[in-house]
$ cat protein.tsv   # TSV, C-alpha atoms and all ligand atoms
chain	number	residue	atom	x	y	z
X	1	MET	CA	-47.34	60.31	22.57
X	2	SER	CA	-43.77	59.85	23.79
X	3	ARG	CA	-42.53	56.31	24.38
X	4	LEU	CA	-39.63	54.55	26.12
X	5	ARG	CA	-38.49	51.08	25.11
X	6	ILE	CA	-35.73	49.34	27.06
X	7	TYR	CA	-33.55	46.63	25.50
X	8	ALA	CA	-30.59	44.51	26.47
X	9	ASP	CA	-27.75	45.95	24.39
X	10	ASP	CA	-27.26	42.61	22.61
X	11	ARG	CA	-30.98	42.00	21.90
X	12	PRO	CA	-32.29	44.72	19.54
X	13	ASP	CA	-35.03	42.38	18.31
X	14	GLN	CA	-36.96	42.28	21.58
X	15	ALA	CA	-37.76	45.11	24.01
X	16	LEU	CA	-37.64	44.15	27.70
X	17	ALA	CA	-40.18	46.85	28.59
X	18	THR	CA	-42.23	49.59	26.94
X	19	TRP	CA	-43.54	52.69	28.72
X	20	THR	CA	-45.84	55.42	27.37
X	21	VAL	CA	-47.05	57.27	30.49
X	22	PRO	CA	-44.76	60.28	31.06
X	23	ASN	CA	-44.35	59.58	34.79
X	24	ASP	CA	-43.26	56.02	34.03
X	25	ILE	CA	-40.81	57.19	31.37
X	26	ALA	CA	-39.40	59.78	33.80
X	27	ARG	CA	-38.95	57.20	36.58
X	28	GLU	CA	-37.21	54.65	34.38
X	29	LEU	CA	-34.85	57.24	32.87
X	30	ASP	CA	-34.11	58.86	36.23
X	31	ALA	CA	-32.61	55.54	37.31
X	32	CYS	CA	-29.83	56.07	34.78
X	33	GLY	CA	-29.41	59.79	35.40
X	34	VAL	CA	-31.46	61.02	32.43
X	35	ARG	CA	-34.16	63.63	33.02
X	36	PHE	CA	-37.53	63.37	31.26
X	37	GLU	CA	-40.34	65.87	31.77
X	38	GLN	CA	-43.59	66.80	30.09
X	39	TRP	CA	-44.05	70.57	29.64
X	40	GLN	CA	-47.15	72.65	28.86
X	41	ALA	CA	-47.03	75.87	26.86
X	42	SER	CA	-48.17	78.95	28.78
X	43	ALA	CA	-49.73	80.36	25.58
X	44	PRO	CA	-50.75	78.91	22.19
X	45	ILE	CA	-47.92	78.74	19.66
X	46	GLU	CA	-48.99	79.69	16.15
X	47	PRO	CA	-47.43	77.94	13.12
X	48	GLY	CA	-44.44	79.97	11.99
X	49	ALA	CA	-43.99	81.56	15.42
X	50	SER	CA	-40.69	83.34	16.05
X	51	GLN	CA	-37.94	81.82	18.23
X	52	GLU	CA	-38.74	84.46	20.82
X	53	ALA	CA	-42.44	83.49	20.91
X	54	VAL	CA	-41.60	79.79	21.22
X	55	ILE	CA	-39.15	80.41	24.06
X	56	ALA	CA	-41.59	82.78	25.79
X	57	ALA	CA	-44.28	80.06	25.84
X	58	TYR	CA	-41.97	77.81	27.91
X	59	ARG	CA	-40.04	80.51	29.77
X	60	ASP	CA	-40.73	79.30	33.32
X	61	ASP	CA	-39.53	75.75	32.64
X	62	ILE	CA	-36.53	76.98	30.67
X	63	ASP	CA	-35.53	79.35	33.50
X	64	ARG	CA	-35.91	76.59	36.08
X	65	LEU	CA	-33.62	74.24	34.16
X	66	MET	CA	-31.08	76.98	33.41
X	67	ALA	CA	-30.89	77.88	37.10
X	68	GLU	CA	-30.63	74.25	38.19
X	69	HIS	CA	-27.89	73.21	35.76
X	70	GLY	CA	-26.16	76.47	34.88
X	71	TYR	CA	-27.12	76.51	31.20
X	72	ARG	CA	-26.28	79.85	29.67
X	73	SER	CA	-27.92	79.89	26.25
X	74	VAL	CA	-31.09	78.77	24.54
X	75	ASP	CA	-32.13	78.53	20.91
X	76	VAL	CA	-34.77	76.93	18.69
X	77	VAL	CA	-34.04	74.55	15.80
X	78	SER	CA	-36.54	73.25	13.28
X	79	ILE	CA	-36.44	70.88	10.34
X	80	ARG	CA	-39.10	69.90	7.83
X	81	PRO	CA	-39.37	66.88	5.54
X	82	ASP	CA	-38.35	68.90	2.46
X	83	HIS	CA	-35.16	70.34	3.99
X	84	PRO	CA	-32.49	70.06	1.26
X	85	ASP	CA	-29.77	68.97	3.75
X	86	ARG	CA	-31.93	66.51	5.70
X	87	ALA	CA	-29.86	63.45	4.76
X	88	ALA	CA	-26.60	65.05	5.94
X	89	MET	CA	-28.27	66.44	9.05
X	90	ARG	CA	-29.70	63.02	9.82
X	91	ALA	CA	-26.35	61.27	9.39
X	92	LYS	CA	-24.50	63.64	11.70
X	93	PHE	CA	-25.57	62.21	15.09
X	94	ARG	CA	-26.86	58.81	14.03
X	95	ASN	CA	-23.90	56.84	15.40
X	96	GLU	CA	-23.04	56.35	19.04
X	97	HIS	CA	-21.31	59.39	20.54
X	98	VAL	CA	-20.83	61.37	23.71
X	99	HIS	CA	-20.60	65.07	24.50
X	100	GLY	CA	-18.60	66.77	27.23
X	101	GLU	CA	-21.72	68.74	28.14
X	102	ASP	CA	-25.38	67.91	28.64
X	103	GLU	CA	-27.65	67.53	25.60
X	104	VAL	CA	-30.97	69.18	26.48
X	105	ARG	CA	-33.89	69.19	24.05
X	106	PHE	CA	-37.53	70.15	24.36
X	107	PHE	CA	-39.87	69.12	21.55
X	108	VAL	CA	-42.28	71.92	20.67
X	109	ALA	CA	-43.64	69.97	17.69
X	110	GLY	CA	-42.90	66.85	15.66
X	111	ALA	CA	-40.67	64.08	17.03
X	112	GLY	CA	-37.12	62.79	17.43
X	113	LEU	CA	-35.62	59.50	18.64
X	114	PHE	CA	-32.90	59.56	21.30
X	115	THR	CA	-31.34	56.19	22.01
X	116	LEU	CA	-29.13	55.93	25.09
X	117	HIS	CA	-26.60	53.20	25.83
X	118	VAL	CA	-26.13	52.88	29.58
X	119	GLU	CA	-24.11	49.91	30.87
X	120	ASP	CA	-25.68	46.82	29.25
X	121	LYS	CA	-29.05	48.43	28.46
X	122	VAL	CA	-30.36	50.50	25.57
X	123	TYR	CA	-33.05	53.11	26.29
X	124	GLU	CA	-34.92	54.19	23.16
X	125	VAL	CA	-36.77	57.44	23.85
X	126	LEU	CA	-39.31	58.62	21.30
X	127	CYS	CA	-39.72	62.31	22.13
X	128	GLU	CA	-42.92	63.89	20.87
X	129	GLN	CA	-44.61	67.25	21.46
X	130	GLY	CA	-44.19	68.37	25.07
X	131	ALA	CA	-41.21	66.13	25.91
X	132	LEU	CA	-38.07	67.46	27.59
X	133	ILE	CA	-35.01	65.22	27.71
X	134	ARG	CA	-31.71	65.96	29.42
X	135	VAL	CA	-28.88	63.59	28.51
X	136	PRO	CA	-25.95	64.17	30.88
X	137	GLY	CA	-22.51	64.80	29.41
X	138	GLY	CA	-20.59	61.56	28.94
X	139	THR	CA	-23.71	59.42	28.24
X	140	ARG	CA	-23.36	57.22	25.14
X	141	HIS	CA	-26.25	57.94	22.76
X	142	TRP	CA	-27.38	58.61	19.21
X	143	PHE	CA	-30.23	60.55	17.59
X	144	ASP	CA	-32.43	59.83	14.61
X	145	MET	CA	-34.85	62.17	12.88
X	146	SER	CA	-36.04	59.67	10.17
X	147	GLU	CA	-35.83	59.99	6.42
X	148	SER	CA	-38.71	62.45	6.56
X	149	PRO	CA	-37.81	64.65	9.55
X	150	TYR	CA	-40.12	67.07	11.26
X	151	PHE	CA	-39.48	68.74	14.58
X	152	VAL	CA	-39.21	72.08	16.33
X	153	ALA	CA	-36.97	71.85	19.39
X	154	ILE	CA	-35.68	74.20	22.05
X	155	ARG	CA	-32.01	73.55	22.93
X	156	LEU	CA	-30.26	74.57	26.13
X	157	PHE	CA	-26.48	74.82	26.32
X	158	THR	CA	-23.82	75.41	28.94
X	159	ASN	CA	-21.53	76.55	26.13
X	160	PRO	CA	-22.72	76.09	22.53
X	161	ASP	CA	-19.13	76.28	21.22
X	162	GLY	CA	-18.12	73.38	23.45
X	163	TRP	CA	-20.99	71.18	22.36
X	164	VAL	CA	-19.23	68.76	20.03
X	165	ALA	CA	-19.67	65.03	19.52
X	166	ARG	CA	-16.97	62.45	20.22
X	167	PHE	CA	-17.84	59.26	18.39
X	168	THR	CA	-17.21	55.98	20.18
X	169	GLY	CA	-16.52	54.05	16.98
X	170	GLU	CA	-19.13	51.43	17.97
X	171	ASP	CA	-21.69	50.34	15.35
X	172	ILE	CA	-24.43	49.51	17.87
X	173	ALA	CA	-26.75	52.18	16.44
X	174	THR	CA	-27.02	50.26	13.17
X	175	ARG	CA	-28.61	47.32	15.02
X	176	PHE	CA	-31.37	49.24	16.82
X	177	PRO	CA	-34.56	50.76	15.38
X	178	ASP	CA	-34.51	54.03	13.45
X	179	LEU	CA	-37.20	56.63	13.89
X	180	SER	CA	-40.14	55.58	11.73
X	181	PRO	CA	-41.90	58.37	9.85
X	182	ASP	CA	-45.10	56.77	11.20
X	183	ASP	CA	-44.02	57.88	14.68
X	184	ILE	CA	-43.90	61.55	13.68
X	185	PRO	CA	-47.14	63.43	14.34
X	186	ALA	CA	-48.37	65.47	11.39
X	201	FE	FE	-25.75	63.94	20.91
$ encode --input "protein.tsv" --output "structure tokens"
Amino acid sequence: MSRLRIYADDRPDQALATWTVPNDIARELDACGVRFEQWQASAPIEPGASQEAVIAAYRDDIDRLMAEHGYRSVDVVSIRPDHPDRAAMRAKFRNEHVHGEDEVRFFVAGAGLFTLHVEDKVYEVLCEQGALIRVPGGTRHWFDMSESPYFVAIRLFTNPDGWVARFTGEDIATRFPDLSPDDIPA
């Protein structure tokens, strides 16, 4: 089950609010310009399914978002707990950064933790199976996949070559929770 926790940016020890119902998560995130949706597959996805089969199962929602925001490409990424580069992959986006373009992820399986820093609040979004998150370009955020990562995610891009991170140099991410392996569905 996905989960949103909201903190004051100087109080990582105590959440101000916790939401687990998708409509509540969507409403709270919409207030800071972040889209959250819960998607259903149009057909069962078998383990080991091809990228094409994964994308086909969510085609209608993907097409809707692409039309609405002008995204031009879509791909599927996956990582498992035994991935040899998992530590380096984890480290890459674990500090606060921004992108010039939107970061759009749909979780087909597993989980990931997006943490957004908007004004004086921190929005910690645990994204599990069925969760779509759209982080607008320019939003301060970081991403954790845990020490034992597992997810399959569809990514939408305006321009994959332009999707680079600019780090803010802030160390705020070190003070807020990481993704616990206990929060990753088997
Ligand atoms: Fe990012």
$ residues_near_ligand --input "protein.tsv" --ligand "ligand FE 201 (chain X)" --cutoff "12 Å" --atoms "all atoms listed in the file" --output "MDAnalysis selection string"
chainID X and resid 90:105 112:117 133:144 155 163:168
$ closest_residue --input "protein.tsv" --among "X:Leu132, X:Ala173, X:Ala41, X:Leu179" --to "X:Ser148" --atoms "only C-alpha atoms"
X:Leu179
$ atom_distance --input "protein.tsv" --atom1 "atom CA of X:Pro84" --atom2 "atom CA of X:Tyr150"
12.9 Å
$ closest_residue --input "protein.tsv" --among "X:Phe107, X:Tyr123, X:Trp39, X:Tyr7" --to "X:Arg64" --atoms "all atoms listed in the file"
X:Trp39
$ closest_residue --input "protein.tsv" --among "X:Val125, X:Val76, X:Ala17, X:Ala87" --to "X:Ser50" --atoms "only C-alpha atoms"
X:Val76
$ atom_distance --input "protein.tsv" --atom1 "atom CA of X:Asp9" --atom2 "atom CA of X:Asp30"
18.6 Å
$ residues_around --input "protein.tsv" --residues "X:Ala56" --least-positions-apart "5" --cutoff "12 Å" --atoms "all atoms listed in the file" --output "ChimeraX atom specification"
/X:40-45,49-51,61-63,74-76,154
$ closest_residue --input "protein.tsv" --among "X:Met89, X:Val122, X:Gly130, X:Val54" --to "X:Ile172" --atoms "only C-alpha atoms"
X:Val122
$ closest_residue --input "protein.tsv" --among "X:Glu28, X:Gln129, X:Ser146, X:Phe36" --to "X:Arg86" --atoms "all atoms listed in the file"
X:Ser146
$ closest_residue --input "protein.tsv" --among "X:Pro160, X:Pro149, X:Pro22, X:Gly169" --to "X:Asp82" --atoms "all atoms listed in the file"
X:Pro149
$ residues_around --input "protein.tsv" --residues "X:Ile184" --least-positions-apart "3" --cutoff "7 Å" --atoms "all atoms listed in the file" --output "NGL selection string"
:X and (110-111 or 181)
$ atom_distance --input "protein.tsv" --atom1 "atom CA of X:Val21" --atom2 "atom CA of X:Gln38"
10.1 Å
$ residues_around --input "protein.tsv" --residues "X:Asn23" --least-positions-apart "6" --cutoff "12 Å" --atoms "only C-alpha atoms" --output "MDAnalysis selection string"
chainID X and resid 2:4 29:30 35:38 131
$ write_last_selection --input "protein.tsv" --atoms "C-alpha atoms" --output "compact mmCIF listing (two decimals), in the frame of the given file"
# COMPACT_ATOMS: atom_id res chain seq x y z
CA SER X 2 -43.77 59.85 23.79
CA ARG X 3 -42.53 56.31 24.38
CA LEU X 4 -39.63 54.55 26.12
CA LEU X 29 -34.85 57.24 32.87
CA ASP X 30 -34.11 58.86 36.23
CA ARG X 35 -34.16 63.63 33.02
CA PHE X 36 -37.53 63.37 31.26
CA GLU X 37 -40.34 65.87 31.77
CA GLN X 38 -43.59 66.80 30.09
CA ALA X 131 -41.21 66.13 25.91
